[in-house]
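structure-v4.csv (CSV, C-alpha atoms)
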```
chain,number,residue,atom,x,y,z
A,1,MET,CA,-21.6,35.5,29.6
A,2,THR,CA,-25.0,33.8,29.6
A,3,PRO,CA,-25.2,30.1,30.3
A,4,GLU,CA,-25.8,27.8,27.4
A,5,THR,CA,-29.4,26.9,26.8
A,6,PRO,CA,-30.5,23.2,26.9
A,7,GLN,CA,-30.8,23.3,23.1
A,8,GLN,CA,-27.1,24.2,22.7
A,9,THR,CA,-25.9,21.3,24.9
A,10,ALA,CA,-28.4,18.7,23.8
A,11,ALA,CA,-27.1,15.5,22.2
A,12,PRO,CA,-27.3,15.2,18.4
A,13,ARG,CA,-30.6,13.8,17.0
A,14,PRO,CA,-30.5,10.2,15.9
A,15,ASP,CA,-30.8,11.3,12.3
A,16,THR,CA,-27.7,13.5,12.4
A,17,PRO,CA,-25.3,12.2,9.8
A,18,LYS,CA,-22.2,10.5,11.1
A,19,THR,CA,-18.7,11.6,10.1
A,20,ASP,CA,-17.7,10.0,6.8
A,21,VAL,CA,-15.1,7.2,7.0
A,22,LEU,CA,-12.9,5.9,4.3
A,23,HIS,CA,-12.2,2.2,4.7
A,24,LEU,CA,-8.8,1.5,3.1
A,25,THR,CA,-7.2,-1.9,2.3
A,26,ILE,CA,-3.6,-2.0,1.3
A,27,LEU,CA,-2.6,-5.3,-0.3
A,28,ARG,CA,0.8,-6.6,-1.3
A,29,HIS,CA,1.2,-8.6,-4.5
A,30,GLY,CA,1.7,-12.3,-4.6
A,31,ARG,CA,5.0,-14.2,-5.0
A,32,SER,CA,6.9,-13.2,-8.1
A,33,ARG,CA,9.4,-14.7,-10.4
A,34,ALA,CA,12.1,-12.4,-8.9
A,35,ASP,CA,11.6,-14.3,-5.5
A,36,ASP,CA,12.7,-17.5,-7.3
A,37,GLU,CA,15.6,-15.7,-8.9
A,38,ASN,CA,16.8,-14.2,-5.6
A,39,VAL,CA,17.3,-10.8,-7.0
A,40,HIS,CA,16.3,-7.3,-5.9
A,41,GLU,CA,12.9,-6.3,-7.2
A,42,GLY,CA,12.1,-2.6,-6.7
A,43,ARG,CA,11.4,-1.4,-10.3
A,44,TYR,CA,12.5,-4.8,-11.8
A,45,ASP,CA,9.2,-5.7,-13.6
A,46,SER,CA,8.9,-9.3,-12.6
A,47,PRO,CA,5.5,-11.1,-13.1
A,48,LEU,CA,3.8,-13.4,-10.7
A,49,ASN,CA,5.0,-16.9,-10.6
A,50,PRO,CA,2.5,-19.8,-10.4
A,51,GLU,CA,2.5,-19.7,-6.6
A,52,GLY,CA,1.8,-16.0,-6.7
A,53,GLU,CA,-1.1,-16.5,-9.1
A,54,ALA,CA,-2.5,-19.2,-6.8
A,55,GLN,CA,-2.2,-16.9,-3.8
A,56,ALA,CA,-4.1,-14.1,-5.6
A,57,ALA,CA,-6.8,-16.6,-6.7
A,58,ALA,CA,-7.2,-17.9,-3.1
A,59,LEU,CA,-7.7,-14.3,-1.9
A,60,ALA,CA,-10.2,-13.7,-4.7
A,61,ALA,CA,-12.1,-16.8,-3.6
A,62,TYR,CA,-12.0,-15.7,0.1
A,63,TRP,CA,-13.3,-12.2,-0.6
A,64,THR,CA,-16.0,-13.6,-2.9
A,65,ALA,CA,-17.2,-15.7,0.0
A,66,HIS,CA,-16.6,-12.8,2.5
A,67,PRO,CA,-17.3,-9.7,0.5
A,68,PRO,CA,-15.3,-6.7,1.6
A,69,GLY,CA,-17.6,-4.3,-0.3
A,70,PHE,CA,-14.9,-2.5,-2.3
A,71,ASP,CA,-16.3,0.4,-4.4
A,72,ARG,CA,-13.1,0.7,-6.4
A,73,ALA,CA,-9.5,-0.4,-6.6
A,74,TYR,CA,-6.1,1.1,-7.6
A,75,CYS,CA,-2.9,-0.8,-8.4
A,76,SER,CA,0.7,-0.4,-9.3
A,77,THR,CA,1.5,-0.7,-13.0
A,78,LEU,CA,4.3,-3.2,-12.3
A,79,GLN,CA,3.3,-6.7,-13.5
A,80,ARG,CA,3.3,-8.5,-10.1
A,81,ALA,CA,0.9,-6.0,-8.5
A,82,HIS,CA,-1.2,-5.4,-11.6
A,83,GLY,CA,-1.6,-9.2,-12.1
A,84,THR,CA,-2.6,-9.7,-8.5
A,85,ALA,CA,-5.1,-6.8,-8.7
A,86,ARG,CA,-6.6,-8.1,-11.9
A,87,ILE,CA,-7.2,-11.6,-10.5
A,88,VAL,CA,-8.9,-10.1,-7.4
A,89,THR,CA,-11.0,-7.4,-9.1
A,90,ASP,CA,-12.2,-9.5,-12.0
A,91,ALA,CA,-13.6,-12.0,-9.4
A,92,LEU,CA,-15.2,-9.2,-7.4
A,93,GLY,CA,-16.4,-7.1,-10.3
A,94,VAL,CA,-14.6,-4.0,-8.9
A,95,PRO,CA,-13.4,-1.2,-11.2
A,96,LEU,CA,-9.6,-1.1,-11.3
A,97,THR,CA,-7.4,1.9,-12.0
A,98,PRO,CA,-3.6,1.3,-12.5
A,99,THR,CA,-1.3,4.1,-11.5
A,100,ASP,CA,2.4,4.7,-11.5
A,101,LEU,CA,2.0,6.3,-8.1
A,102,LEU,CA,1.7,2.9,-6.4
A,103,ARG,CA,4.9,1.4,-8.0
A,104,GLU,CA,7.6,0.0,-5.7
A,105,TRP,CA,10.5,2.2,-4.6
A,106,ASP,CA,12.9,3.0,-7.5
A,107,ASN,CA,16.1,1.2,-6.4
A,108,GLY,CA,18.1,2.4,-9.4
A,109,PRO,CA,20.8,-0.1,-10.5
A,110,LEU,CA,19.8,-2.7,-7.9
A,111,ALA,CA,16.7,-3.6,-9.9
A,112,GLY,CA,17.0,-7.2,-11.1
A,113,MET,CA,20.5,-7.6,-9.6
A,114,GLY,CA,21.5,-10.6,-7.6
A,115,ARG,CA,21.7,-9.9,-3.8
A,116,GLU,CA,25.3,-10.9,-3.4
A,117,GLU,CA,26.5,-8.9,-6.4
A,118,ALA,CA,24.4,-5.9,-5.1
A,119,LEU,CA,26.1,-6.0,-1.7
A,120,GLU,CA,29.5,-6.1,-3.3
A,121,ARG,CA,28.9,-3.3,-5.8
A,122,TYR,CA,26.6,-1.2,-3.7
A,123,PRO,CA,27.3,-1.8,0.0
A,124,ILE,CA,24.6,-0.5,2.3
A,125,PRO,CA,25.9,2.9,3.7
A,126,ALA,CA,26.1,3.4,7.4
A,127,PHE,CA,23.9,6.5,6.9
A,128,ARG,CA,21.7,7.6,4.1
A,129,HIS,CA,20.0,11.0,4.3
A,130,ASP,CA,16.4,11.2,3.4
A,131,LEU,CA,17.4,13.5,0.5
A,132,ASP,CA,20.0,11.2,-0.8
A,133,PRO,CA,19.2,8.9,-3.8
A,134,PHE,CA,18.8,5.2,-3.2
A,135,THR,CA,22.3,4.6,-4.5
A,136,ALA,CA,25.1,6.9,-5.8
A,137,GLN,CA,24.1,5.8,-9.3
A,138,GLY,CA,20.5,6.6,-8.9
A,139,GLY,CA,17.1,5.7,-7.4
A,140,GLU,CA,14.5,7.5,-5.4
A,141,SER,CA,15.3,9.3,-2.2
A,142,GLN,CA,13.1,8.6,0.8
A,143,ALA,CA,11.9,12.2,0.5
A,144,ALA,CA,10.8,11.5,-3.1
A,145,ILE,CA,9.1,8.3,-2.0
A,146,ARG,CA,7.2,10.1,0.8
A,147,ALA,CA,6.0,12.7,-1.6
A,148,ARG,CA,4.8,10.1,-4.0
A,149,ALA,CA,3.0,8.3,-1.2
A,150,LEU,CA,1.1,11.5,-0.3
A,151,HIS,CA,0.2,12.0,-3.9
A,152,ALA,CA,-1.2,8.4,-4.1
A,153,LEU,CA,-3.2,8.9,-0.9
A,154,GLU,CA,-4.5,12.2,-2.3
A,155,LEU,CA,-5.7,10.4,-5.4
A,156,VAL,CA,-7.5,7.8,-3.4
A,157,TRP,CA,-9.0,10.4,-0.9
A,158,ASN,CA,-10.5,12.4,-3.7
A,159,GLY,CA,-11.4,9.5,-6.0
A,160,GLY,CA,-14.7,8.6,-4.5
A,161,GLY,CA,-16.0,5.5,-2.7
A,162,GLN,CA,-16.1,4.5,0.9
A,163,ARG,CA,-14.2,1.1,0.7
A,164,VAL,CA,-11.1,1.2,-1.5
A,165,LEU,CA,-8.5,-1.4,-2.3
A,166,LEU,CA,-4.8,-0.5,-3.1
A,167,VAL,CA,-2.6,-3.2,-4.6
A,168,THR,CA,1.0,-2.3,-4.2
A,169,HIS,CA,4.4,-3.6,-2.9
A,170,GLY,CA,6.0,-4.2,0.4
A,171,GLY,CA,8.2,-1.2,0.5
A,172,PHE,CA,5.6,1.3,-0.8
A,173,GLY,CA,2.9,-0.2,1.3
A,174,ASN,CA,5.1,0.7,4.2
A,175,SER,CA,5.5,4.2,2.9
A,176,LEU,CA,1.7,4.6,2.7
A,177,LEU,CA,1.3,3.4,6.3
A,178,ARG,CA,4.0,5.6,7.6
A,179,GLU,CA,2.3,8.7,6.1
A,180,LEU,CA,-1.1,7.7,7.4
A,181,LEU,CA,0.1,6.8,10.9
A,182,GLY,CA,2.9,9.3,11.4
A,183,THR,CA,5.5,6.6,12.1
A,184,GLN,CA,8.4,7.6,9.8
A,185,ARG,CA,10.9,5.0,11.1
A,186,GLY,CA,8.4,2.2,11.7
A,187,TRP,CA,8.3,-1.0,9.6
A,188,PHE,CA,5.2,-3.1,8.9
A,189,ALA,CA,5.3,-6.7,7.8
A,190,PHE,CA,3.7,-7.6,4.5
A,191,GLY,CA,3.8,-11.2,3.4
A,192,ASP,CA,2.7,-12.4,-0.1
A,193,THR,CA,-0.9,-11.3,-0.7
A,194,ALA,CA,-1.0,-10.0,2.9
A,195,PHE,CA,-3.1,-6.9,3.5
A,196,ALA,CA,-3.6,-4.1,6.1
A,197,THR,CA,-6.9,-2.5,6.8
A,198,LEU,CA,-7.5,1.1,8.1
A,199,ARG,CA,-10.4,3.5,8.8
A,200,LEU,CA,-9.7,7.1,7.9
A,201,SER,CA,-11.9,9.8,9.3
A,202,ARG,CA,-12.9,12.5,6.8
A,203,GLY,CA,-13.7,14.8,9.8
A,204,SER,CA,-10.3,14.6,11.5
A,205,HIS,CA,-6.7,13.4,10.9
A,206,THR,CA,-7.5,10.1,12.6
A,207,ALA,CA,-6.3,6.9,11.0
A,208,LEU,CA,-7.1,3.7,12.8
A,209,LEU,CA,-5.1,0.6,11.9
A,210,THR,CA,-7.6,-2.3,12.2
A,211,GLY,CA,-5.5,-5.1,10.8
A,212,MET,CA,-2.0,-5.8,9.7
A,213,ASN,CA,-0.3,-8.6,7.6
A,214,LEU,CA,-3.7,-10.4,7.3
A,215,THR,CA,-3.7,-13.6,5.2
A,216,PRO,CA,-7.0,-15.4,6.1
A,217,HIS,CA,-7.0,-17.0,2.6
A,218,LEU,CA,-3.7,-18.8,3.0
A,219,PRO,CA,-3.0,-22.1,5.0
```
Can you dump the structure from the file as structure tokens?
Amino acid sequence: MTPETPQQTAAPRPDTPKTDVLHLTILRHGRSRADDENVHEGRYDSPLNPEGEAQAAALAAYWTAHPPGFDRAYCSTLQRAHGTARIVTDALGVPLTPTDLLREWDNGPLAGMGREEALERYPIPAFRHDLDPFTAQGGESQAAIRARALHALELVWNGGGQRVLLVTHGGFGNSLLRELLGTQRGWFAFGDTAFATLRLSRGSHTALLTGMNLTPHLP
């Protein structure tokens, strides 16, 4: 075997293109009416309450002053996420694509049910297999949620743009992060209008979490 020539081991020229990176921001919606009602949300289609609208407006003002440079945005079709996304993207002039893929976990009969009643009628099982439905009366399994998270990420990956905003929910935001980071039993905090930031390499499977539960727009 002949030794490598200097040309083969030389460093890349300065004009060599860098590996493409997708900058992803995952945003949870603002406070909703369901929070005031103290009921389970999930697929319960609760709109933002006035506090949630103010939170979204504060974030829109913050990003207007500190532009994140979003090329495009996607959002859940549920009112609380779509309303948050619309307030933010209208202020920033970013095109918005609603998609059912970013909806919150389907919690079956728990949607809109009071928490005390839910515990009485549908007690939390000691163990739920990833292939089991959310409740015996219906809802998504964790396996179905994971599959949907991957489909959502595939949509974003192939949708174009280098800086993309996803407006979703606390549970499904966790599902997206678990798939990206390979932490299937991890849990990530998402407060009202809190967001996470990541850098995804298009040349490897690397996903770098650069910020979590960020709320620079809130007191």
Please compute the atom CA of Ala111 of chain A-atom CA of His151 of chain A distance, one decimal, in Å.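 Those two atoms sit 23.5 Å apart.
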Find the residues near segment 153-167 of chain A: any atom within 9 Å, counting only C-alpha atoms, skip ones fewer than 5 places away on the same chain, and give them as a CSV table (one decimal) with C-alpha atoms, in the frame of the given file.
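To be explicit, this is the file written out as selection-v8.csv:
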```csv
chain,number,residue,atom,x,y,z
A,20,ASP,CA,-17.7,10.0,6.8
A,21,VAL,CA,-15.1,7.2,7.0
A,22,LEU,CA,-12.9,5.9,4.3
A,23,HIS,CA,-12.2,2.2,4.7
A,24,LEU,CA,-8.8,1.5,3.1
A,25,THR,CA,-7.2,-1.9,2.3
A,26,ILE,CA,-3.6,-2.0,1.3
A,27,LEU,CA,-2.6,-5.3,-0.3
A,28,ARG,CA,0.8,-6.6,-1.3
A,29,HIS,CA,1.2,-8.6,-4.5
A,68,PRO,CA,-15.3,-6.7,1.6
A,69,GLY,CA,-17.6,-4.3,-0.3
A,70,PHE,CA,-14.9,-2.5,-2.3
A,71,ASP,CA,-16.3,0.4,-4.4
A,72,ARG,CA,-13.1,0.7,-6.4
A,73,ALA,CA,-9.5,-0.4,-6.6
A,74,TYR,CA,-6.1,1.1,-7.6
A,75,CYS,CA,-2.9,-0.8,-8.4
A,76,SER,CA,0.7,-0.4,-9.3
A,81,ALA,CA,0.9,-6.0,-8.5
A,82,HIS,CA,-1.2,-5.4,-11.6
A,84,THR,CA,-2.6,-9.7,-8.5
A,85,ALA,CA,-5.1,-6.8,-8.7
A,102,LEU,CA,1.7,2.9,-6.4
A,148,ARG,CA,4.8,10.1,-4.0
A,173,GLY,CA,2.9,-0.2,1.3
A,176,LEU,CA,1.7,4.6,2.7
A,179,GLU,CA,2.3,8.7,6.1
A,180,LEU,CA,-1.1,7.7,7.4
A,195,PHE,CA,-3.1,-6.9,3.5
A,202,ARG,CA,-12.9,12.5,6.8
```
Closest of A:Thr168, A:Thr206, A:Ser201, A:Gln142 to Arg185 of chain A - atom-to-atom distances counting all atoms listed in the file: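 For Arg185 of chain A, the nearest of the given residues is A:Gln142.
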May I ask for the distance between atom CA of Ala91 of chain A and atom CA of Thr64 of chain A, given in Å to one decimal place?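 Distance between the two atoms: 7.1 Å.
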Show me a table, sorted first by chain and then by increasing residue number, of the residues of segment 57-118 of chain A having an atom at most 7 Å from segment 131-138 of chain A, each with its shortest atom pair and the distance in Å to one decimal, counting only C-alpha atoms and written as JSON lines.
```
{"residue": "A:Asn107", "atom": "CA", "partner": "A:Phe134", "partner_atom": "CA", "distance": 5.8}
{"residue": "A:Gly108", "atom": "CA", "partner": "A:Gly138", "partner_atom": "CA", "distance": 4.9}
{"residue": "A:Pro109", "atom": "CA", "partner": "A:Gln137", "partner_atom": "CA", "distance": 6.9}
```
Which residues of segment 120-198 of chain A have any atom within 6 Å of an atom in segment 209-213 of chain A when counting only C-alpha atoms, and what is the closest pair of atoms for each, with the distance in Å to one decimal? Order the rows by chain and rising number and write it as CSV.
```
residue,atom,partner,partner_atom,distance
A:Ala189,CA,A:Asn213,CA,5.9
A:Phe190,CA,A:Asn213,CA,5.2
A:Ala194,CA,A:Asn213,CA,5.0
A:Phe195,CA,A:Asn213,CA,5.2
A:Ala196,CA,A:Met212,CA,4.3
A:Thr197,CA,A:Gly211,CA,5.0
A:Leu198,CA,A:Leu209,CA,4.5
```
Calculate how many Å separate atom CA of Arg121 of chain A from atom CA of Trp187 of chain A, rounding to one decimal.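 According to the coordinates, atom CA of Arg121 of chain A and atom CA of Trp187 of chain A are separated by 25.8 Å.
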Within 9 Å of Leu59 of chain A, counting all atoms listed in the file, which residues show up once you throw out same-chain ones fewer than 5 positions away? Write them as a JSON list (two decimals) with C-alpha atoms, keeping the file's coordinate frame, please.
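What landed in around-v9.json:
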```json
[["chain", "number", "residue", "atom", "x", "y", "z"],
["A", 54, "ALA", "CA", -2.50, -19.20, -6.80],
["A", 64, "THR", "CA", -16.00, -13.60, -2.90],
["A", 88, "VAL", "CA", -8.90, -10.10, -7.40],
["A", 193, "THR", "CA", -0.90, -11.30, -0.70],
["A", 215, "THR", "CA", -3.70, -13.60, 5.20],
["A", 216, "PRO", "CA", -7.00, -15.40, 6.10],
["A", 217, "HIS", "CA", -7.00, -17.00, 2.60],
["A", 218, "LEU", "CA", -3.70, -18.80, 3.00]]
```
For the point (-3.6, -19.7, -9.1) in file coordinates, what residues are within 12 Å, counting only C-alpha atoms? Give the answer as a ChimeraX atom specification? /A:30-31,48-61,83-84,87-88
Would you put the residues from that selection into a file with C-alpha atoms, as a CSV table (one decimal), in the coordinates of the input?
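The result, stored in part_32.csv:
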```csv
chain,number,residue,atom,x,y,z
A,30,GLY,CA,1.7,-12.3,-4.6
A,31,ARG,CA,5.0,-14.2,-5.0
A,48,LEU,CA,3.8,-13.4,-10.7
A,49,ASN,CA,5.0,-16.9,-10.6
A,50,PRO,CA,2.5,-19.8,-10.4
A,51,GLU,CA,2.5,-19.7,-6.6
A,52,GLY,CA,1.8,-16.0,-6.7
A,53,GLU,CA,-1.1,-16.5,-9.1
A,54,ALA,CA,-2.5,-19.2,-6.8
A,55,GLN,CA,-2.2,-16.9,-3.8
A,56,ALA,CA,-4.1,-14.1,-5.6
A,57,ALA,CA,-6.8,-16.6,-6.7
A,58,ALA,CA,-7.2,-17.9,-3.1
A,59,LEU,CA,-7.7,-14.3,-1.9
A,60,ALA,CA,-10.2,-13.7,-4.7
A,61,ALA,CA,-12.1,-16.8,-3.6
A,83,GLY,CA,-1.6,-9.2,-12.1
A,84,THR,CA,-2.6,-9.7,-8.5
A,87,ILE,CA,-7.2,-11.6,-10.5
A,88,VAL,CA,-8.9,-10.1,-7.4
```
I'd like to know which of A:Trp105, A:Glu116, A:Pro67, A:Tyr44 is closest to Gly93 of chain A, using only C-alpha atoms.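 Looking only at the distances to Gly93 of chain A, the closest residue turns out to be A:Pro67.
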Take the structure in the block and write a file for segment 147-182 of chain A, C-alpha atoms, as a short mmCIF file (atom, residue, chain, number, x, y, z; two decimals), in the first residue's frame.
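See out_19.cif below for the written result:
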```cif
data_model
loop_
_atom_site.label_atom_id
_atom_site.label_comp_id
_atom_site.auth_asym_id
_atom_site.auth_seq_id
_atom_site.Cartn_x
_atom_site.Cartn_y
_atom_site.Cartn_z
CA ALA A 147 -44.67 7.04 14.49
CA ARG A 148 -46.53 10.35 14.14
CA ALA A 149 -43.56 12.25 15.57
CA LEU A 150 -41.29 10.71 12.96
CA HIS A 151 -43.74 11.59 10.19
CA ALA A 152 -43.86 15.18 11.44
CA LEU A 153 -40.06 15.41 11.52
CA GLU A 154 -39.86 13.93 8.03
CA LEU A 155 -42.28 16.61 6.80
CA VAL A 156 -40.10 19.35 8.27
CA TRP A 157 -36.83 17.77 7.13
CA ASN A 158 -37.98 17.70 3.51
CA GLY A 159 -39.98 20.93 3.59
CA GLY A 160 -37.14 23.33 2.89
CA GLY A 161 -35.62 26.15 4.88
CA GLN A 162 -32.73 26.27 7.33
CA ARG A 163 -34.56 27.76 10.33
CA VAL A 164 -37.94 26.25 11.07
CA LEU A 165 -40.47 26.86 13.85
CA LEU A 166 -42.81 24.12 15.10
CA VAL A 167 -45.73 25.19 17.30
CA THR A 168 -47.14 22.22 19.16
CA HIS A 169 -48.00 20.93 22.64
CA GLY A 170 -46.17 19.84 25.76
CA GLY A 171 -46.68 16.12 25.30
CA PHE A 172 -46.01 16.03 21.59
CA GLY A 173 -43.07 18.41 21.93
CA ASN A 174 -41.60 15.79 24.22
CA SER A 175 -42.26 13.10 21.61
CA LEU A 176 -40.40 15.11 18.98
CA LEU A 177 -37.43 15.64 21.29
CA ARG A 178 -37.32 11.98 22.29
CA GLU A 179 -37.08 10.90 18.67
CA LEU A 180 -34.43 13.48 17.83
CA LEU A 181 -32.29 12.82 20.91
CA GLY A 182 -32.87 9.09 21.37
#
```
